[in-house]
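Colleague: For reference, this is work05.pdb, and it has PDB, C-alpha atoms.
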```
ATOM      1  CA  MET K   1     -33.319 -32.061 -33.985
ATOM      2  CA  ASN K   2     -37.080 -32.615 -34.376
ATOM      3  CA  LYS K   3     -39.296 -29.832 -35.653
ATOM      4  CA  LYS K   4     -40.816 -29.071 -32.265
ATOM      5  CA  GLY K   5     -37.430 -28.633 -30.612
ATOM      6  CA  TRP K   6     -36.067 -26.572 -33.484
ATOM      7  CA  TYR K   7     -39.145 -24.338 -33.430
ATOM      8  CA  TYR K   8     -38.746 -23.756 -29.681
ATOM      9  CA  TYR K   9     -35.125 -22.708 -29.888
ATOM     10  CA  ARG K  10     -35.683 -20.639 -33.015
ATOM     11  CA  HIS K  11     -38.647 -18.844 -31.394
ATOM     12  CA  TYR K  12     -36.649 -18.237 -28.217
ATOM     13  CA  PHE K  13     -33.525 -16.827 -29.847
ATOM     14  CA  LYS K  14     -35.075 -14.899 -32.707
ATOM     15  CA  HIS K  15     -35.706 -11.943 -30.406
ATOM     16  CA  PHE K  16     -32.035 -11.706 -29.427
ATOM     17  CA  LYS K  17     -29.316 -10.278 -31.602
ATOM     18  CA  ALA K  18     -25.770 -11.184 -30.702
ATOM     19  CA  ARG K  19     -24.471  -7.872 -31.962
ATOM     20  CA  TYR K  20     -26.643  -5.969 -29.479
ATOM     21  CA  PHE K  21     -25.038  -7.838 -26.611
ATOM     22  CA  PHE K  22     -21.588  -7.100 -28.023
ATOM     23  CA  ILE K  23     -22.381  -3.405 -28.396
ATOM     24  CA  ILE K  24     -23.587  -3.204 -24.779
ATOM     25  CA  ALA K  25     -20.522  -5.179 -23.671
ATOM     26  CA  LEU K  26     -18.173  -2.750 -25.426
ATOM     27  CA  ILE K  27     -19.947   0.225 -23.829
ATOM     28  CA  CYS K  28     -19.709  -1.341 -20.374
ATOM     29  CA  LEU K  29     -16.060  -2.257 -20.861
ATOM     30  CA  ALA K  30     -15.235   1.248 -22.093
ATOM     31  CA  ILE K  31     -16.901   2.730 -19.014
ATOM     32  CA  GLY K  32     -15.022   0.242 -16.848
ATOM     33  CA  VAL K  33     -11.656   1.184 -18.334
ATOM     34  CA  GLY K  34     -12.408   4.862 -17.775
ATOM     35  CA  ALA K  35     -13.467   4.171 -14.188
ATOM     36  CA  LEU K  36     -10.275   2.202 -13.577
ATOM     37  CA  ARG K  37      -8.271   5.182 -14.758
ATOM     38  CA  THR K  38     -10.270   7.472 -12.470
ATOM     39  CA  ASN K  39      -9.616   5.124  -9.540
ATOM     40  CA  ASN K  40      -5.897   5.265 -10.203
ATOM     41  CA  GLU K  41      -5.864   9.041 -10.573
ATOM     42  CA  THR K  42      -7.755   9.440  -7.284
ATOM     43  CA  MET K  43      -5.247   7.157  -5.572
ATOM     44  CA  ILE K  44      -2.355   9.246  -6.909
ATOM     45  CA  ASN K  45      -4.028  12.429  -5.655
ATOM     46  CA  LEU K  46      -4.544  10.937  -2.183
ATOM     47  CA  ARG K  47      -0.956   9.680  -2.149
ATOM     48  CA  ASN K  48       0.284  13.178  -3.018
ATOM     49  CA  GLN K  49      -1.756  14.537  -0.116
ATOM     50  CA  VAL K  50       0.123  12.126   2.154
ATOM     51  CA  TYR K  51       3.460  13.436   0.852
ATOM     52  CA  ILE K  52       2.331  17.042   1.350
ATOM     53  CA  ALA K  53       1.191  16.307   4.909
ATOM     54  CA  ASP K  54       4.503  14.581   5.584
ATOM     55  CA  LYS K  55       6.529  17.513   4.267
ATOM     56  CA  ASN K  56       4.515  20.114   6.197
ATOM     57  CA  ASN K  57       4.299  17.964   9.350
ATOM     58  CA  ASN K  58       0.508  18.109   9.272
ATOM     59  CA  ASN K  59      -1.856  15.244  10.178
ATOM     60  CA  VAL K  60       0.028  12.516   8.303
ATOM     61  CA  GLN K  61      -1.930   9.687   9.929
ATOM     62  CA  ALA K  62      -5.276  11.093   8.765
ATOM     63  CA  ALA K  63      -3.971  11.352   5.189
ATOM     64  CA  LEU K  64      -2.631   7.792   5.381
ATOM     65  CA  ASP K  65      -5.934   6.461   6.725
ATOM     66  CA  LYS K  66      -7.822   8.150   3.894
ATOM     67  CA  LEU K  67      -5.447   6.700   1.301
ATOM     68  CA  GLN K  68      -5.628   3.218   2.816
ATOM     69  CA  ALA K  69      -9.421   3.282   2.951
ATOM     70  CA  TYR K  70      -9.616   4.213  -0.737
ATOM     71  CA  VAL K  71      -6.984   1.751  -1.968
ATOM     72  CA  THR K  72      -8.458  -1.222  -0.116
ATOM     73  CA  ALA K  73     -11.940  -0.492  -1.532
ATOM     74  CA  HIS K  74     -11.182   0.222  -5.211
ATOM     75  CA  MET K  75      -9.633  -1.644  -8.114
ATOM     76  CA  ASN K  76      -6.487  -0.466  -9.924
ATOM     77  CA  THR K  77      -5.138   1.440  -6.935
ATOM     78  CA  ASN K  78      -2.574  -1.070  -5.723
ATOM     79  CA  LEU K  79       0.252   0.262  -3.562
ATOM     80  CA  SER K  80       1.798  -3.064  -2.663
ATOM     81  CA  SER K  81       5.549  -3.579  -2.751
ATOM     82  CA  GLY K  82       5.164  -7.151  -3.967
ATOM     83  CA  SER K  83       7.422 -10.110  -3.167
ATOM     84  CA  ASN K  84      10.713  -8.532  -4.276
ATOM     85  CA  PRO K  85      10.451  -4.757  -3.846
ATOM     86  CA  VAL K  86      13.253  -2.335  -4.652
ATOM     87  CA  TYR K  87      11.548   0.477  -2.756
ATOM     88  CA  PRO K  88       8.287   0.424  -0.759
ATOM     89  CA  PRO K  89       5.440   2.273  -2.518
ATOM     90  CA  ILE K  90       5.212   4.966   0.173
ATOM     91  CA  GLN K  91       8.279   6.312   1.947
ATOM     92  CA  LEU K  92       7.749   9.280   4.242
ATOM     93  CA  LYS K  93      11.140  10.971   4.039
ATOM     94  CA  TYR K  94      10.316  13.864   6.326
ATOM     95  CA  THR K  95       8.710  11.621   8.938
ATOM     96  CA  TYR K  96      11.887   9.548   8.961
ATOM     97  CA  GLN K  97      14.022  12.650   9.376
ATOM     98  CA  ARG K  98      11.864  13.846  12.270
ATOM     99  CA  LEU K  99      12.116  10.437  13.951
ATOM    100  CA  VAL K 100      15.898  10.450  13.636
ATOM    101  CA  SER K 101      16.109  14.020  14.935
ATOM    102  CA  ALA K 102      13.875  13.217  17.906
ATOM    103  CA  GLN K 103      15.956  10.184  18.775
ATOM    104  CA  ASP K 104      19.227  12.128  18.487
ATOM    105  CA  SER K 105      17.818  14.822  20.782
ATOM    106  CA  TYR K 106      16.782  12.191  23.310
ATOM    107  CA  VAL K 107      20.223  10.566  23.259
ATOM    108  CA  ALA K 108      21.965  13.927  23.602
ATOM    109  CA  ALA K 109      19.699  14.988  26.479
ATOM    110  CA  THR K 110      20.158  11.665  28.243
ATOM    111  CA  ASN K 111      23.948  11.763  27.914
ATOM    112  CA  VAL K 112      24.446  15.441  28.726
ATOM    113  CA  ASN K 113      25.693  14.718  32.270
ATOM    114  CA  LEU K 114      27.065  11.261  31.533
ATOM    115  CA  TYR K 115      30.792  12.073  31.748
ATOM    116  CA  THR K 116      30.317  14.072  34.934
ATOM    117  CA  ASP K 117      28.449  11.156  36.475
ATOM    118  CA  ALA K 118      31.164   8.781  35.244
ATOM    119  CA  GLU K 119      33.956  10.874  36.835
ATOM    120  CA  ASN K 120      32.079  11.128  40.124
ATOM    121  CA  TYR K 121      31.450   7.391  40.159
ATOM    122  CA  CYS K 122      35.045   6.484  39.327
ATOM    123  CA  GLN K 123      36.380   8.917  41.935
ATOM    124  CA  THR K 124      34.365   7.009  44.491
ATOM    125  CA  VAL K 125      35.461   3.594  43.225
ATOM    126  CA  ILE K 126      39.096   4.574  42.653
ATOM    127  CA  PRO K 127      40.154   7.243  45.138
ATOM    128  CA  ILE K 128      42.695   9.727  43.822
ATOM    129  CA  GLY K 129      45.246   8.720  46.412
ATOM    130  CA  THR K 130      45.619   5.320  44.787
ATOM    131  CA  ILE K 131      46.566   6.630  41.339
ATOM    132  CA  GLY K 132      48.490   9.812  41.908
ATOM    133  CA  PHE K 133      47.784  12.996  40.055
ATOM    134  CA  SER K 134      47.519  11.695  36.467
ATOM    135  CA  GLY K 135      44.227   9.912  36.854
ATOM    136  CA  LYS K 136      45.099   7.553  33.988
ATOM    137  CA  ILE K 137      43.989   4.484  35.855
ATOM    138  CA  ARG K 138      40.540   6.024  36.089
ATOM    139  CA  VAL K 139      40.133   6.284  32.290
ATOM    140  CA  PRO K 140      39.051   2.649  31.715
ATOM    141  CA  CYS K 141      36.555   3.050  34.556
ATOM    142  CA  ILE K 142      35.060   6.159  32.939
ATOM    143  CA  GLU K 143      34.929   4.499  29.524
ATOM    144  CA  GLN K 144      33.221   1.427  30.947
ATOM    145  CA  TYR K 145      30.683   3.593  32.808
ATOM    146  CA  VAL K 146      29.878   5.562  29.640
ATOM    147  CA  GLN K 147      29.582   2.358  27.647
ATOM    148  CA  THR K 148      27.269   0.800  30.217
ATOM    149  CA  HIS K 149      25.065   3.746  31.130
ATOM    150  CA  GLY K 150      25.041   5.844  27.961
ATOM    151  CA  ALA K 151      21.924   6.047  25.788
ATOM    152  CA  LYS K 152      22.397   4.884  22.196
ATOM    153  CA  ALA K 153      20.424   5.532  19.039
ATOM    154  CA  SER K 154      18.327   2.560  17.949
ATOM    155  CA  PRO K 155      17.350   1.702  14.365
ATOM    156  CA  ILE K 156      14.131   3.400  13.290
ATOM    157  CA  SER K 157      11.400   0.832  12.626
ATOM    158  CA  ALA K 158      10.447   0.863   8.937
ATOM    159  CA  SER K 159       6.790   0.454   9.930
ATOM    160  CA  LEU K 160       6.832   4.074  11.128
ATOM    161  CA  TYR K 161       7.663   5.618   7.750
ATOM    162  CA  GLU K 162       7.172   2.952   5.047
ATOM    163  CA  PHE K 163       3.713   1.797   3.961
ATOM    164  CA  ASP K 164       2.053  -0.331   1.304
ATOM    165  CA  PHE K 165      -1.627  -1.017   0.673
ATOM    166  CA  ILE K 166      -3.227  -3.746  -1.450
ATOM    167  CA  SER K 167      -6.228  -3.054  -3.669
ATOM    168  CA  PRO K 168      -8.932  -5.713  -4.251
ATOM    169  CA  VAL K 169      -9.098  -7.786  -7.428
ATOM    170  CA  TRP K 170     -12.720  -6.660  -7.847
ATOM    171  CA  SER K 171     -14.545  -3.829  -6.100
ATOM    172  CA  PRO K 172     -18.275  -2.906  -5.988
ATOM    173  CA  ASP K 173     -17.811   0.484  -7.639
ATOM    174  CA  LEU K 174     -18.387   1.882 -11.129
ATOM    175  CA  ALA K 175     -15.271   0.165 -12.459
ATOM    176  CA  GLY K 176     -16.138  -3.189 -10.924
ATOM    177  CA  TYR K 177     -19.784  -3.280 -12.002
ATOM    178  CA  SER K 178     -19.004  -1.984 -15.502
ATOM    179  CA  LEU K 179     -16.402  -4.677 -16.078
ATOM    180  CA  LEU K 180     -18.684  -7.314 -14.566
ATOM    181  CA  PHE K 181     -21.652  -6.435 -16.789
ATOM    182  CA  GLY K 182     -19.375  -5.993 -19.784
ATOM    183  CA  THR K 183     -18.079  -9.529 -19.293
ATOM    184  CA  LEU K 184     -21.607 -10.899 -18.832
ATOM    185  CA  PHE K 185     -22.930  -9.228 -21.988
ATOM    186  CA  LEU K 186     -19.884 -10.425 -23.888
ATOM    187  CA  LEU K 187     -20.656 -13.942 -22.709
ATOM    188  CA  LEU K 188     -24.334 -13.588 -23.620
ATOM    189  CA  GLY K 189     -23.419 -12.339 -27.083
ATOM    190  CA  SER K 190     -21.132 -15.300 -27.626
ATOM    191  CA  ILE K 191     -23.748 -17.784 -26.393
ATOM    192  CA  THR K 192     -26.452 -16.195 -28.567
ATOM    193  CA  GLY K 193     -24.232 -16.216 -31.641
ATOM    194  CA  LEU K 194     -23.223 -19.841 -31.140
ATOM    195  CA  ALA K 195     -26.827 -20.866 -30.426
ATOM    196  CA  LYS K 196     -28.105 -19.260 -33.620
ATOM    197  CA  LEU K 197     -25.314 -20.870 -35.605
ATOM    198  CA  TRP K 198     -26.213 -24.236 -34.098
ATOM    199  CA  ILE K 199     -29.932 -23.736 -34.854
ATOM    200  CA  LYS K 200     -29.125 -22.770 -38.424
ATOM    201  CA  ARG K 201     -27.013 -25.887 -38.945
ATOM    202  CA  SER K 202     -29.651 -28.054 -37.278
ATOM    203  CA  LYS K 203     -32.309 -26.671 -39.598
ATOM    204  CA  ASN K 204     -30.264 -27.493 -42.654
ATOM    205  CA  SER K 205     -29.373 -30.971 -41.489
TER     206      SER K 205
END
```
Could you render the structure as structure tokens?
Modeller:
Amino acid sequence: MNKKGWYYYRHYFKHFKARYFFIIALICLAIGVGALRTNNETMINLRNQVYIADKNNNNVQAALDKLQAYVTAHMNTNLSSGSNPVYPPIQLKYTYQRLVSAQDSYVAATNVNLYTDAENYCQTVIPIGTIGFSGKIRVPCIEQYVQTHGAKASPISASLYEFDFISPVWSPDLAGYSLLFGTLFLLLGSITGLAKLWIKRSKNS
């Protein structure tokens, strides 16, 4: 390197100390790690509020919306089941039980007069004079009527009581900005250190 070029780079970098960049980077990264932990703790608190609302049959949807809004806007709050989950991250046990109970009540209420209706129908289709007093021939008719007209419990959709939410890779919050600036200062420190080493070698060559 000629003297003019060496003087320019030496004058430019002499005001920068690589260690200062590294110190700032470590501070930013430490703040970022702490903020990530706070994000996770807040997510856990909001998730617990969902479980409490579910148990007490309060406004579960409002608690879920609040949890979803936080998770999708902050790093280190992931509640995703992934590609091969054993259990979904959020399972609302009491909501499931209430759904099953409501469905059972509906089926029972719908079928309360089913056998009476079946007997009346089969009496019309198969008059008693054609089968004597036993009524055995009417049994298949009643069974078929019950099978055809009876309400049955359906599987409860998992989307009603199982939930997962995905957090962003980077978020514009304290954690995100601290890690971003920490990485930038770490990069600046490395560049400054390498540049000064290169200038020193160029001077001696």
Colleague: What does the structure give for the distance between atom CA of Ala151 of chain K and atom CA of Thr116 of chain K, in Å to one decimal?
Modeller: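 Those two atoms sit 14.8 Å apart.
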Colleague: Which of these residues is nearest to Ile142 of chain K, using all atoms listed in the file: K:Leu160, K:Val50, K:Ala63, K:Leu114?
Modeller: K:Leu114
Colleague: Which of these, K:Ile31, K:Phe165, K:Ile44, K:Lys152, has the shortest distance to Ser105 of chain K once you count only C-alpha atoms?
Modeller: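 Checking each candidate against Ser105 of chain K, we get K:Lys152 as the closest.
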Colleague: For Leu186 of chain K, please output as a list in words all residues within 10 Å (counting all atoms listed in the file; exclusion window: fewer than 5 positions along the same chain).
Modeller: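 My reading of the contact set: Ala18, Arg19, Tyr20, Phe21, Phe22, Ile23, Ile24, Ala25, Leu26, Cys28, Leu29, Leu180, Phe181, Ile191 and Thr192 of chain K.
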Colleague: When distances are computed from all atoms listed in the file, which of K:Pro89, K:Ala153, K:Thr42, K:Arg201 shows the smallest separation from Ala102 of chain K?
Modeller: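 Using all atoms listed in the file, the shortest distance to Ala102 of chain K belongs to K:Ala153.
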Colleague: Figure out the distance between atom CA of Arg37 of chain K and atom CA of Met75 of chain K, please, to one decimal in Å.
Modeller: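 Going from atom CA of Met75 of chain K over to atom CA of Arg37 of chain K covers 9.6 Å.
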Colleague: Atom CA of Gly176 of chain K to atom CA of Leu188 of chain K: how many Å, to one decimal?
Modeller: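 About the pair atom CA of Gly176 of chain K and atom CA of Leu188 of chain K: they are 18.3 Å apart.
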Colleague: For each of K:Ala30, K:Val169, K:Leu67, K:Ala109, take the minimum atom-to-atom distance to Gln49 of chain K, counting all atoms listed in the file, then give the residue where this is smallest.
Modeller: K:Leu67
Colleague: Name the closest residue to Ser159 of chain K among the candidates K:Thr77, K:Asn59, K:Gln91, K:Asn45; distances are taken between atoms, counting only C-alpha atoms.
Modeller: K:Gln91
Colleague: Compile the contact shell of Thr72 of chain K as a VMD selection string: residues with an atom at most 6 Å away, counting all atoms listed in the file, same-chain residues fewer than 2 positions apart removed.
Modeller: chain K and resid 69 to 70 74 166 to 167
Colleague: Provide segment 157-181 of chain K rebuilt to N, CA and C atoms, formatted as a compact mmCIF listing (two decimals), keeping the file's coordinate frame.
Modeller:
```txt
# COMPACT_ATOMS: atom_id res chain seq x y z
N SER K 157 12.24 1.88 13.22
CA SER K 157 11.40 0.83 12.63
C SER K 157 10.81 1.32 11.30
N ALA K 158 10.96 0.49 10.26
CA ALA K 158 10.45 0.86 8.94
C ALA K 158 8.93 1.02 8.94
N SER K 159 8.25 0.37 9.88
CA SER K 159 6.79 0.45 9.93
C SER K 159 6.30 1.85 10.29
N LEU K 160 7.21 2.72 10.75
CA LEU K 160 6.83 4.07 11.13
C LEU K 160 6.87 5.05 9.96
N TYR K 161 7.53 4.67 8.86
CA TYR K 161 7.66 5.62 7.75
C TYR K 161 7.55 4.96 6.38
N GLU K 162 7.36 3.64 6.31
CA GLU K 162 7.17 2.95 5.05
C GLU K 162 5.82 2.23 5.07
N PHE K 163 5.06 2.36 3.98
CA PHE K 163 3.71 1.80 3.96
C PHE K 163 3.41 1.23 2.58
N ASP K 164 2.61 0.17 2.56
CA ASP K 164 2.05 -0.33 1.30
C ASP K 164 0.64 -0.84 1.56
N PHE K 165 -0.22 -0.65 0.56
CA PHE K 165 -1.63 -1.02 0.67
C PHE K 165 -2.01 -1.83 -0.56
N ILE K 166 -2.84 -2.84 -0.37
CA ILE K 166 -3.23 -3.75 -1.45
C ILE K 166 -4.67 -3.46 -1.87
N SER K 167 -4.88 -3.29 -3.16
CA SER K 167 -6.23 -3.05 -3.67
C SER K 167 -6.90 -4.39 -3.98
N PRO K 168 -8.23 -4.45 -3.96
CA PRO K 168 -8.93 -5.71 -4.25
C PRO K 168 -8.88 -6.06 -5.74
N VAL K 169 -9.04 -7.34 -6.03
CA VAL K 169 -9.10 -7.79 -7.43
C VAL K 169 -10.36 -7.24 -8.10
N TRP K 170 -11.47 -7.22 -7.34
CA TRP K 170 -12.72 -6.66 -7.85
C TRP K 170 -13.35 -5.83 -6.74
N SER K 171 -13.93 -4.70 -7.10
CA SER K 171 -14.54 -3.83 -6.10
C SER K 171 -15.94 -3.43 -6.57
N PRO K 172 -16.90 -3.28 -5.64
CA PRO K 172 -18.27 -2.91 -5.99
C PRO K 172 -18.41 -1.41 -6.25
N ASP K 173 -17.72 -0.92 -7.25
CA ASP K 173 -17.81 0.48 -7.64
C ASP K 173 -18.12 0.55 -9.13
N LEU K 174 -18.06 1.73 -9.71
CA LEU K 174 -18.39 1.88 -11.13
C LEU K 174 -17.49 1.01 -12.00
N ALA K 175 -16.20 0.98 -11.68
CA ALA K 175 -15.27 0.16 -12.46
C ALA K 175 -15.62 -1.31 -12.35
N GLY K 176 -15.86 -1.77 -11.13
CA GLY K 176 -16.14 -3.19 -10.92
C GLY K 176 -17.42 -3.64 -11.59
N TYR K 177 -18.51 -2.89 -11.41
CA TYR K 177 -19.78 -3.28 -12.00
C TYR K 177 -19.76 -3.16 -13.53
N SER K 178 -19.08 -2.14 -14.04
CA SER K 178 -19.00 -1.98 -15.50
C SER K 178 -18.26 -3.15 -16.13
N LEU K 179 -17.15 -3.54 -15.54
CA LEU K 179 -16.40 -4.68 -16.08
C LEU K 179 -17.17 -5.98 -15.91
N LEU K 180 -17.90 -6.11 -14.79
CA LEU K 180 -18.68 -7.31 -14.57
C LEU K 180 -19.79 -7.45 -15.61
N PHE K 181 -20.56 -6.37 -15.80
CA PHE K 181 -21.65 -6.44 -16.79
C PHE K 181 -21.11 -6.53 -18.21
```
